[in-house]
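Structure file model.cif (mmCIF, N, CA and C atoms) follows.
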data_target
#
loop_
_atom_site.label_atom_id
_atom_site.label_comp_id
_atom_site.auth_asym_id
_atom_site.auth_seq_id
_atom_site.Cartn_x
_atom_site.Cartn_y
_atom_site.Cartn_z
N ASP O 1 34.72 10.86 28.06
CA ASP O 1 33.62 11.77 27.83
C ASP O 1 32.91 11.44 26.51
N ILE O 2 33.69 11.20 25.45
CA ILE O 2 33.11 10.85 24.16
C ILE O 2 32.42 9.49 24.23
N ALA O 3 33.08 8.53 24.86
CA ALA O 3 32.50 7.20 25.00
C ALA O 3 31.20 7.26 25.80
N GLN O 4 31.16 8.08 26.83
CA GLN O 4 29.96 8.20 27.64
C GLN O 4 28.82 8.82 26.83
N ARG O 5 29.11 9.81 26.00
CA ARG O 5 28.08 10.42 25.15
C ARG O 5 27.57 9.42 24.12
N ILE O 6 28.47 8.65 23.53
CA ILE O 6 28.06 7.64 22.55
C ILE O 6 27.19 6.58 23.21
N LEU O 7 27.62 6.10 24.36
CA LEU O 7 26.85 5.10 25.09
C LEU O 7 25.49 5.66 25.50
N SER O 8 25.47 6.89 25.96
CA SER O 8 24.22 7.53 26.35
C SER O 8 23.27 7.64 25.17
N GLN O 9 23.80 7.99 24.01
CA GLN O 9 22.98 8.11 22.81
C GLN O 9 22.46 6.75 22.37
N ILE O 10 23.26 5.71 22.46
CA ILE O 10 22.83 4.37 22.10
C ILE O 10 21.69 3.91 23.02
N VAL O 11 21.85 4.15 24.31
CA VAL O 11 20.81 3.77 25.27
C VAL O 11 19.53 4.57 25.01
N GLU O 12 19.66 5.86 24.76
CA GLU O 12 18.48 6.69 24.49
C GLU O 12 17.76 6.23 23.23
N ASN O 13 18.51 5.91 22.18
CA ASN O 13 17.90 5.41 20.94
C ASN O 13 17.18 4.09 21.17
N ALA O 14 17.81 3.21 21.95
CA ALA O 14 17.17 1.92 22.26
C ALA O 14 15.88 2.13 23.04
N MET O 15 15.90 3.05 24.00
CA MET O 15 14.69 3.33 24.78
C MET O 15 13.60 3.93 23.90
N ASN O 16 13.98 4.79 22.96
CA ASN O 16 13.00 5.35 22.02
C ASN O 16 12.37 4.25 21.18
N ARG O 17 13.18 3.32 20.71
CA ARG O 17 12.66 2.21 19.91
C ARG O 17 11.67 1.37 20.71
N VAL O 18 11.98 1.12 21.97
CA VAL O 18 11.07 0.36 22.83
C VAL O 18 9.77 1.13 23.04
N ASP O 19 9.86 2.44 23.28
CA ASP O 19 8.66 3.26 23.44
C ASP O 19 7.81 3.24 22.18
N ILE O 20 8.45 3.37 21.03
CA ILE O 20 7.72 3.34 19.76
C ILE O 20 7.00 2.00 19.61
N ALA O 21 7.71 0.93 19.88
CA ALA O 21 7.10 -0.40 19.77
C ALA O 21 5.94 -0.56 20.74
N ASN O 22 6.10 -0.07 21.96
CA ASN O 22 5.03 -0.18 22.96
C ASN O 22 3.79 0.63 22.56
N TYR O 23 3.98 1.87 22.12
CA TYR O 23 2.84 2.69 21.73
C TYR O 23 2.19 2.17 20.45
N THR O 24 2.98 1.64 19.55
CA THR O 24 2.42 1.04 18.34
C THR O 24 1.61 -0.20 18.70
N GLN O 25 2.12 -0.99 19.62
CA GLN O 25 1.38 -2.18 20.08
C GLN O 25 0.08 -1.76 20.76
N LEU O 26 0.12 -0.70 21.55
CA LEU O 26 -1.10 -0.18 22.17
C LEU O 26 -2.09 0.27 21.10
N ALA O 27 -1.59 0.93 20.07
CA ALA O 27 -2.45 1.36 18.97
C ALA O 27 -3.08 0.15 18.28
N LEU O 28 -2.30 -0.88 18.03
CA LEU O 28 -2.85 -2.08 17.39
C LEU O 28 -3.91 -2.73 18.27
N TYR O 29 -3.67 -2.73 19.56
CA TYR O 29 -4.67 -3.27 20.49
C TYR O 29 -5.96 -2.46 20.39
N GLN O 30 -5.84 -1.14 20.39
CA GLN O 30 -7.01 -0.28 20.31
C GLN O 30 -7.71 -0.42 18.95
N ILE O 31 -6.94 -0.63 17.90
CA ILE O 31 -7.52 -0.82 16.57
C ILE O 31 -8.42 -2.04 16.56
N HIS O 32 -7.97 -3.10 17.19
CA HIS O 32 -8.75 -4.34 17.19
C HIS O 32 -9.83 -4.36 18.26
N ARG O 33 -9.69 -3.54 19.29
CA ARG O 33 -10.62 -3.57 20.41
C ARG O 33 -11.81 -2.65 20.24
N SER O 34 -11.56 -1.42 19.96
CA SER O 34 -12.63 -0.42 20.03
C SER O 34 -13.35 -0.27 18.70
N GLY O 35 -14.54 0.31 18.80
CA GLY O 35 -15.31 0.62 17.60
C GLY O 35 -14.79 1.90 16.96
N GLY O 36 -15.51 2.42 16.01
CA GLY O 36 -15.09 3.64 15.31
C GLY O 36 -15.57 4.89 16.02
N SER O 37 -15.57 4.86 17.31
CA SER O 37 -16.15 5.93 18.10
C SER O 37 -15.14 7.01 18.43
N GLU O 38 -15.61 7.97 19.22
CA GLU O 38 -14.74 9.04 19.70
C GLU O 38 -13.63 8.48 20.58
N LEU O 39 -13.91 7.37 21.26
CA LEU O 39 -12.90 6.74 22.11
C LEU O 39 -11.68 6.31 21.30
N PHE O 40 -11.91 5.76 20.13
CA PHE O 40 -10.80 5.35 19.26
C PHE O 40 -9.93 6.56 18.92
N TRP O 41 -10.56 7.65 18.47
CA TRP O 41 -9.81 8.85 18.10
C TRP O 41 -9.10 9.45 19.30
N HIS O 42 -9.76 9.47 20.43
CA HIS O 42 -9.15 9.99 21.65
C HIS O 42 -7.91 9.18 22.00
N ASP O 43 -8.02 7.85 21.95
CA ASP O 43 -6.89 6.99 22.27
C ASP O 43 -5.74 7.17 21.28
N MET O 44 -6.06 7.26 20.01
CA MET O 44 -5.00 7.39 19.00
C MET O 44 -4.26 8.71 19.14
N ILE O 45 -4.97 9.75 19.50
CA ILE O 45 -4.31 11.06 19.62
C ILE O 45 -3.69 11.24 21.00
N ASN O 46 -4.45 11.00 22.05
CA ASN O 46 -3.99 11.34 23.40
C ASN O 46 -3.21 10.24 24.11
N SER O 47 -3.50 8.99 23.83
CA SER O 47 -2.77 7.90 24.50
C SER O 47 -1.54 7.47 23.71
N CYS O 48 -1.68 7.40 22.40
CA CYS O 48 -0.58 6.90 21.57
C CYS O 48 0.18 8.02 20.87
N GLY O 49 -0.52 8.77 20.04
CA GLY O 49 0.11 9.76 19.18
C GLY O 49 0.93 10.80 19.91
N VAL O 50 0.37 11.38 20.96
CA VAL O 50 1.08 12.43 21.70
C VAL O 50 2.37 11.89 22.31
N ASN O 51 2.33 10.67 22.81
CA ASN O 51 3.51 10.10 23.46
C ASN O 51 4.56 9.59 22.49
N LEU O 52 4.19 9.37 21.25
CA LEU O 52 5.15 8.84 20.28
C LEU O 52 6.18 9.86 19.81
N PHE O 53 5.82 11.12 19.82
CA PHE O 53 6.65 12.10 19.14
C PHE O 53 7.41 13.03 20.07
N GLY O 54 7.68 12.59 21.27
CA GLY O 54 8.58 13.31 22.17
C GLY O 54 7.99 14.57 22.76
N GLN O 55 8.87 15.32 23.38
CA GLN O 55 8.49 16.56 24.06
C GLN O 55 8.15 17.64 23.05
N VAL O 56 7.12 18.40 23.36
CA VAL O 56 6.71 19.50 22.49
C VAL O 56 7.41 20.77 22.94
N THR O 57 8.10 21.39 22.00
CA THR O 57 8.67 22.71 22.25
C THR O 57 7.90 23.70 21.39
N ALA O 58 8.08 24.97 21.65
CA ALA O 58 7.35 25.98 20.88
C ALA O 58 7.65 25.86 19.39
N SER O 59 8.89 25.56 19.05
CA SER O 59 9.26 25.47 17.63
C SER O 59 8.78 24.19 16.97
N SER O 60 8.50 23.15 17.75
CA SER O 60 8.12 21.86 17.15
C SER O 60 6.64 21.55 17.31
N GLN O 61 5.86 22.48 17.85
CA GLN O 61 4.46 22.19 18.15
C GLN O 61 3.65 21.85 16.90
N ILE O 62 3.81 22.57 15.82
CA ILE O 62 3.05 22.30 14.59
C ILE O 62 3.45 20.94 14.03
N SER O 63 4.74 20.66 14.00
CA SER O 63 5.22 19.37 13.52
C SER O 63 4.69 18.24 14.40
N HIS O 64 4.72 18.44 15.70
CA HIS O 64 4.24 17.44 16.65
C HIS O 64 2.76 17.14 16.41
N HIS O 65 1.96 18.18 16.25
CA HIS O 65 0.53 17.99 16.01
C HIS O 65 0.27 17.31 14.66
N SER O 66 1.00 17.72 13.64
CA SER O 66 0.78 17.10 12.32
C SER O 66 1.16 15.63 12.34
N HIS O 67 2.21 15.26 13.06
CA HIS O 67 2.58 13.86 13.15
C HIS O 67 1.55 13.07 13.95
N THR O 68 1.03 13.67 15.00
CA THR O 68 0.02 13.00 15.82
C THR O 68 -1.25 12.75 15.01
N ILE O 69 -1.68 13.74 14.25
CA ILE O 69 -2.88 13.59 13.42
C ILE O 69 -2.62 12.58 12.31
N ALA O 70 -1.45 12.63 11.68
CA ALA O 70 -1.12 11.65 10.64
C ALA O 70 -1.13 10.24 11.21
N PHE O 71 -0.61 10.07 12.42
CA PHE O 71 -0.63 8.77 13.07
C PHE O 71 -2.06 8.29 13.30
N ALA O 72 -2.93 9.18 13.80
CA ALA O 72 -4.32 8.80 14.07
C ALA O 72 -5.05 8.43 12.78
N VAL O 73 -4.82 9.18 11.71
CA VAL O 73 -5.45 8.88 10.43
C VAL O 73 -4.93 7.54 9.89
N LEU O 74 -3.63 7.33 9.99
CA LEU O 74 -3.05 6.05 9.58
C LEU O 74 -3.69 4.90 10.36
N ALA O 75 -3.84 5.07 11.66
CA ALA O 75 -4.46 4.03 12.48
C ALA O 75 -5.90 3.78 12.04
N SER O 76 -6.60 4.83 11.66
CA SER O 76 -7.97 4.67 11.17
C SER O 76 -8.00 3.86 9.87
N PHE O 77 -7.08 4.17 8.95
CA PHE O 77 -6.99 3.39 7.71
C PHE O 77 -6.75 1.92 8.01
N VAL O 78 -5.84 1.67 8.93
CA VAL O 78 -5.51 0.29 9.31
C VAL O 78 -6.73 -0.38 9.94
N LYS O 79 -7.43 0.34 10.81
CA LYS O 79 -8.60 -0.21 11.48
C LYS O 79 -9.66 -0.64 10.46
N ILE O 80 -9.97 0.24 9.54
CA ILE O 80 -11.01 -0.06 8.56
C ILE O 80 -10.56 -1.15 7.60
N SER O 81 -9.30 -1.07 7.14
CA SER O 81 -8.83 -2.06 6.17
C SER O 81 -8.63 -3.44 6.77
N SER O 82 -8.43 -3.52 8.09
CA SER O 82 -8.21 -4.83 8.70
C SER O 82 -9.47 -5.40 9.33
N GLY O 83 -10.57 -4.66 9.26
CA GLY O 83 -11.82 -5.14 9.84
C GLY O 83 -12.45 -6.26 9.02
N LYS O 84 -13.30 -7.00 9.66
CA LYS O 84 -13.99 -8.09 8.98
C LYS O 84 -15.11 -7.54 8.11
N VAL O 85 -15.37 -8.23 7.03
CA VAL O 85 -16.47 -7.89 6.15
C VAL O 85 -17.67 -8.75 6.56
N ARG O 86 -18.76 -8.09 6.90
CA ARG O 86 -19.97 -8.83 7.28
C ARG O 86 -20.62 -9.45 6.06
N MET O 87 -21.35 -10.51 6.30
CA MET O 87 -22.03 -11.22 5.21
C MET O 87 -23.55 -11.09 5.38
N VAL O 88 -24.25 -11.05 4.26
CA VAL O 88 -25.71 -11.03 4.25
C VAL O 88 -26.20 -12.19 3.41
N SER O 89 -27.48 -12.37 3.34
CA SER O 89 -28.08 -13.42 2.49
C SER O 89 -27.49 -14.79 2.78
N ASN O 90 -27.68 -15.24 4.00
CA ASN O 90 -27.20 -16.58 4.39
C ASN O 90 -25.70 -16.76 4.19
N ASN O 91 -24.95 -15.74 4.52
CA ASN O 91 -23.48 -15.78 4.44
C ASN O 91 -22.95 -16.05 3.04
N THR O 92 -23.65 -15.58 2.03
CA THR O 92 -23.16 -15.79 0.66
C THR O 92 -22.66 -14.51 0.00
N GLU O 93 -23.14 -13.36 0.46
CA GLU O 93 -22.72 -12.09 -0.14
C GLU O 93 -22.20 -11.14 0.92
N PRO O 94 -21.10 -10.46 0.63
CA PRO O 94 -20.59 -9.49 1.61
C PRO O 94 -21.45 -8.22 1.60
N VAL O 95 -21.47 -7.53 2.73
CA VAL O 95 -22.16 -6.24 2.82
C VAL O 95 -21.39 -5.25 1.95
N PRO O 96 -22.05 -4.67 0.94
CA PRO O 96 -21.33 -3.77 0.02
C PRO O 96 -20.60 -2.62 0.71
N ARG O 97 -21.21 -2.04 1.74
CA ARG O 97 -20.57 -0.93 2.44
C ARG O 97 -19.26 -1.37 3.08
N ASP O 98 -19.22 -2.59 3.65
CA ASP O 98 -17.99 -3.09 4.27
C ASP O 98 -16.89 -3.29 3.23
N VAL O 99 -17.27 -3.85 2.09
CA VAL O 99 -16.30 -4.08 1.02
C VAL O 99 -15.76 -2.74 0.50
N ALA O 100 -16.66 -1.79 0.28
CA ALA O 100 -16.25 -0.48 -0.22
C ALA O 100 -15.34 0.23 0.78
N SER O 101 -15.70 0.18 2.06
CA SER O 101 -14.88 0.82 3.10
C SER O 101 -13.49 0.20 3.15
N LYS O 102 -13.43 -1.11 3.07
CA LYS O 102 -12.14 -1.80 3.10
C LYS O 102 -11.29 -1.43 1.89
N LEU O 103 -11.88 -1.41 0.71
CA LEU O 103 -11.13 -1.08 -0.51
C LEU O 103 -10.64 0.38 -0.48
N VAL O 104 -11.49 1.29 -0.04
CA VAL O 104 -11.08 2.70 0.05
C VAL O 104 -9.96 2.85 1.07
N SER O 105 -10.08 2.18 2.21
CA SER O 105 -9.03 2.27 3.23
C SER O 105 -7.71 1.69 2.75
N LEU O 106 -7.76 0.57 2.06
CA LEU O 106 -6.53 0.00 1.51
C LEU O 106 -5.91 0.94 0.47
N GLU O 107 -6.74 1.55 -0.35
CA GLU O 107 -6.25 2.51 -1.34
C GLU O 107 -5.64 3.73 -0.66
N LEU O 108 -6.29 4.24 0.39
CA LEU O 108 -5.75 5.38 1.13
C LEU O 108 -4.47 5.02 1.87
N LEU O 109 -4.40 3.81 2.39
CA LEU O 109 -3.18 3.36 3.04
C LEU O 109 -2.03 3.30 2.04
N LEU O 110 -2.31 2.78 0.86
CA LEU O 110 -1.30 2.75 -0.20
C LEU O 110 -0.86 4.17 -0.58
N HIS O 111 -1.81 5.08 -0.72
CA HIS O 111 -1.49 6.46 -1.05
C HIS O 111 -0.66 7.11 0.07
N PHE O 112 -1.03 6.85 1.32
CA PHE O 112 -0.29 7.38 2.46
C PHE O 112 1.16 6.92 2.39
N ILE O 113 1.38 5.65 2.12
CA ILE O 113 2.73 5.11 2.04
C ILE O 113 3.50 5.72 0.88
N LYS O 114 2.87 5.82 -0.29
CA LYS O 114 3.53 6.38 -1.47
C LYS O 114 3.92 7.85 -1.27
N MET O 115 3.08 8.61 -0.59
CA MET O 115 3.30 10.04 -0.46
C MET O 115 4.09 10.42 0.79
N TRP O 116 4.48 9.46 1.58
CA TRP O 116 5.17 9.74 2.84
C TRP O 116 6.44 10.56 2.63
N HIS O 117 7.20 10.24 1.59
CA HIS O 117 8.46 10.95 1.36
C HIS O 117 8.24 12.44 1.10
N VAL O 118 7.11 12.80 0.51
CA VAL O 118 6.82 14.21 0.24
C VAL O 118 6.54 14.95 1.55
N ALA O 119 5.85 14.29 2.47
CA ALA O 119 5.44 14.94 3.72
C ALA O 119 6.60 15.20 4.66
N ILE O 120 7.68 14.44 4.57
CA ILE O 120 8.75 14.58 5.56
C ILE O 120 9.88 15.50 5.13
N ARG O 121 9.81 16.05 3.97
CA ARG O 121 10.87 16.96 3.53
C ARG O 121 10.95 18.16 4.45
N GLY O 122 12.16 18.47 4.89
CA GLY O 122 12.39 19.64 5.72
C GLY O 122 12.02 19.49 7.18
N GLU O 123 11.67 18.29 7.60
CA GLU O 123 11.29 18.06 9.00
C GLU O 123 12.48 17.50 9.77
N SER O 124 12.36 17.52 11.09
CA SER O 124 13.41 16.91 11.91
C SER O 124 13.35 15.41 11.76
N MET O 125 14.48 14.75 11.74
CA MET O 125 14.52 13.32 11.49
C MET O 125 13.96 12.49 12.64
N THR O 126 13.97 12.99 13.86
CA THR O 126 13.50 12.19 15.00
C THR O 126 12.04 11.81 14.82
N ASN O 127 11.18 12.78 14.57
CA ASN O 127 9.76 12.48 14.40
C ASN O 127 9.49 11.63 13.17
N GLU O 128 10.26 11.85 12.12
CA GLU O 128 10.05 11.06 10.91
C GLU O 128 10.42 9.60 11.14
N MET O 129 11.50 9.37 11.87
CA MET O 129 11.89 8.00 12.18
C MET O 129 10.82 7.32 13.03
N GLU O 130 10.28 8.05 14.00
CA GLU O 130 9.26 7.48 14.87
C GLU O 130 7.99 7.18 14.08
N LEU O 131 7.55 8.13 13.24
CA LEU O 131 6.35 7.90 12.45
C LEU O 131 6.60 6.85 11.39
N SER O 132 7.80 6.80 10.84
CA SER O 132 8.13 5.76 9.86
C SER O 132 8.06 4.37 10.48
N ASP O 133 8.56 4.24 11.71
CA ASP O 133 8.46 2.95 12.41
C ASP O 133 7.00 2.57 12.61
N CYS O 134 6.19 3.50 13.05
CA CYS O 134 4.76 3.23 13.25
C CYS O 134 4.10 2.90 11.92
N LEU O 135 4.45 3.65 10.89
CA LEU O 135 3.90 3.41 9.56
C LEU O 135 4.20 1.98 9.13
N GLY O 136 5.43 1.54 9.34
CA GLY O 136 5.79 0.18 8.97
C GLY O 136 4.99 -0.86 9.73
N HIS O 137 4.93 -0.71 11.05
CA HIS O 137 4.21 -1.68 11.87
C HIS O 137 2.72 -1.69 11.55
N LEU O 138 2.11 -0.52 11.48
CA LEU O 138 0.68 -0.44 11.28
C LEU O 138 0.27 -0.83 9.87
N SER O 139 1.03 -0.41 8.87
CA SER O 139 0.64 -0.72 7.50
C SER O 139 0.75 -2.21 7.20
N VAL O 140 1.76 -2.86 7.76
CA VAL O 140 1.87 -4.31 7.58
C VAL O 140 0.64 -4.98 8.18
N GLU O 141 0.23 -4.53 9.35
CA GLU O 141 -0.97 -5.07 10.01
C GLU O 141 -2.18 -4.88 9.13
N GLY O 142 -2.37 -3.68 8.59
CA GLY O 142 -3.53 -3.38 7.75
C GLY O 142 -3.54 -4.20 6.47
N ILE O 143 -2.38 -4.38 5.87
CA ILE O 143 -2.29 -5.12 4.61
C ILE O 143 -2.50 -6.61 4.87
N GLU O 144 -1.91 -7.14 5.93
CA GLU O 144 -2.08 -8.55 6.25
C GLU O 144 -3.53 -8.89 6.54
N GLU O 145 -4.19 -8.03 7.31
CA GLU O 145 -5.58 -8.30 7.70
C GLU O 145 -6.55 -7.98 6.56
N GLY O 146 -6.16 -7.03 5.68
CA GLY O 146 -7.04 -6.60 4.59
C GLY O 146 -7.08 -7.62 3.50
#
What does the file become when written as structure tokens?
Amino acid sequence: DIAQRILSQIVENAMNRVDIANYTQLALYQIHRSGGSELFWHDMINSCGVNLFGQVTASSQISHHSHTIAFAVLASFVKISSGKVRMVSNNTEPVPRDVASKLVSLELLLHFIKMWHVAIRGESMTNEMELSDCLGHLSVEGIEEG
């Protein structure tokens, strides 16, 4: 009975890890594919974010929503920070707005990472582990591309 529970928990954790990786990969695909439109936000919240944080119960609904929104905002930071900077004047000068957006997004991404420990105090560890995994995958992408 104990061995079966341990094995069941190991399998469930492995399946959760695969789901997290799959939804994070979907988010990265959407980050690189779509523009900054409503479609991007819809996908980050309804296709990726909602599915990343498990079943919603009455007691976890606020936590679930806050994690979903945090995930979508993180994805937005990654999207902007990893985007290409357009050039003007015969490809010699970058578009100032693109440079400013990229710098602000990188700064916000850094702030998000630094302040993460404050946001997770008192929360259930399952959602924090899932969002931490996404944070790791997405932030590396944003920093590498930025």
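The gap separating atom CA of Ile80 of chain O from atom CA of His32 of chain O is 9.9 Å, in Å to one decimal.
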*Do you know which residues are at most 7 Å from segment 100-110 of chain O counting all atoms listed in the file, after dropping those on the same chain fewer than 6 positions away, and could you put them as a PyMOL selection string?*
chain O and resi 76-78+80-83
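A straight line drawn from atom CA of Tyr29 of chain O to atom C of Pro94 of chain O is 25.7 Å long.
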*Which value, in Å to one decimal, gives the distance between atom N of Ser60 of chain O and atom N of Asn46 of chain O?*
18.3 Å
_Test item, strand (DSSP E or B) assignment across segment 57-125 of chain O, answer as a PyMOL selection string_ = chain O and resi 87-88+93-94
_Would you pick out the contacts of segment 70-73 of chain O at 7 Å or less, using only N, CA and C atoms, so that residues sharing its chain but fewer than 4 positions from it are not included, and give the list as a ChimeraX atom specification?_
/O:41,44-45,49,65-66,77-78
If the PyMOL selection byres (((chain O and resi 18-28 and name CA) around 7) and name CA) is run on the structure shown, which residues does it catch, given as a CSV table (one decimal) with N, CA and C atoms, in the coordinates of the input?
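Writing done, so here's expr.csv:
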chain,number,residue,atom,x,y,z
O,14,ALA,N,17.8,3.2,22.0
O,14,ALA,CA,17.2,1.9,22.3
O,14,ALA,C,15.9,2.1,23.0
O,15,MET,N,15.9,3.0,24.0
O,15,MET,CA,14.7,3.3,24.8
O,15,MET,C,13.6,3.9,23.9
O,16,ASN,N,14.0,4.8,23.0
O,16,ASN,CA,13.0,5.4,22.0
O,16,ASN,C,12.4,4.2,21.2
O,17,ARG,N,13.2,3.3,20.7
O,17,ARG,CA,12.7,2.2,19.9
O,17,ARG,C,11.7,1.4,20.7
O,29,TYR,N,-3.7,-2.7,19.6
O,29,TYR,CA,-4.7,-3.3,20.5
O,29,TYR,C,-6.0,-2.5,20.4
O,30,GLN,N,-5.8,-1.1,20.4
O,30,GLN,CA,-7.0,-0.3,20.3
O,30,GLN,C,-7.7,-0.4,19.0
O,31,ILE,N,-6.9,-0.6,17.9
O,31,ILE,CA,-7.5,-0.8,16.6
O,31,ILE,C,-8.4,-2.0,16.6
O,32,HIS,N,-8.0,-3.1,17.2
O,32,HIS,CA,-8.8,-4.3,17.2
O,32,HIS,C,-9.8,-4.4,18.3
O,44,MET,N,-6.1,7.3,20.0
O,44,MET,CA,-5.0,7.4,19.0
O,44,MET,C,-4.3,8.7,19.1
O,48,CYS,N,-1.7,7.4,22.4
O,48,CYS,CA,-0.6,6.9,21.6
O,48,CYS,C,0.2,8.0,20.9
O,52,LEU,N,4.2,9.4,21.2
O,52,LEU,CA,5.2,8.8,20.3
O,52,LEU,C,6.2,9.9,19.8
O,130,GLU,N,10.3,8.0,14.0
O,130,GLU,CA,9.3,7.5,14.9
O,130,GLU,C,8.0,7.2,14.1
O,134,CYS,N,6.2,3.5,13.0
O,134,CYS,CA,4.8,3.2,13.2
O,134,CYS,C,4.1,2.9,11.9
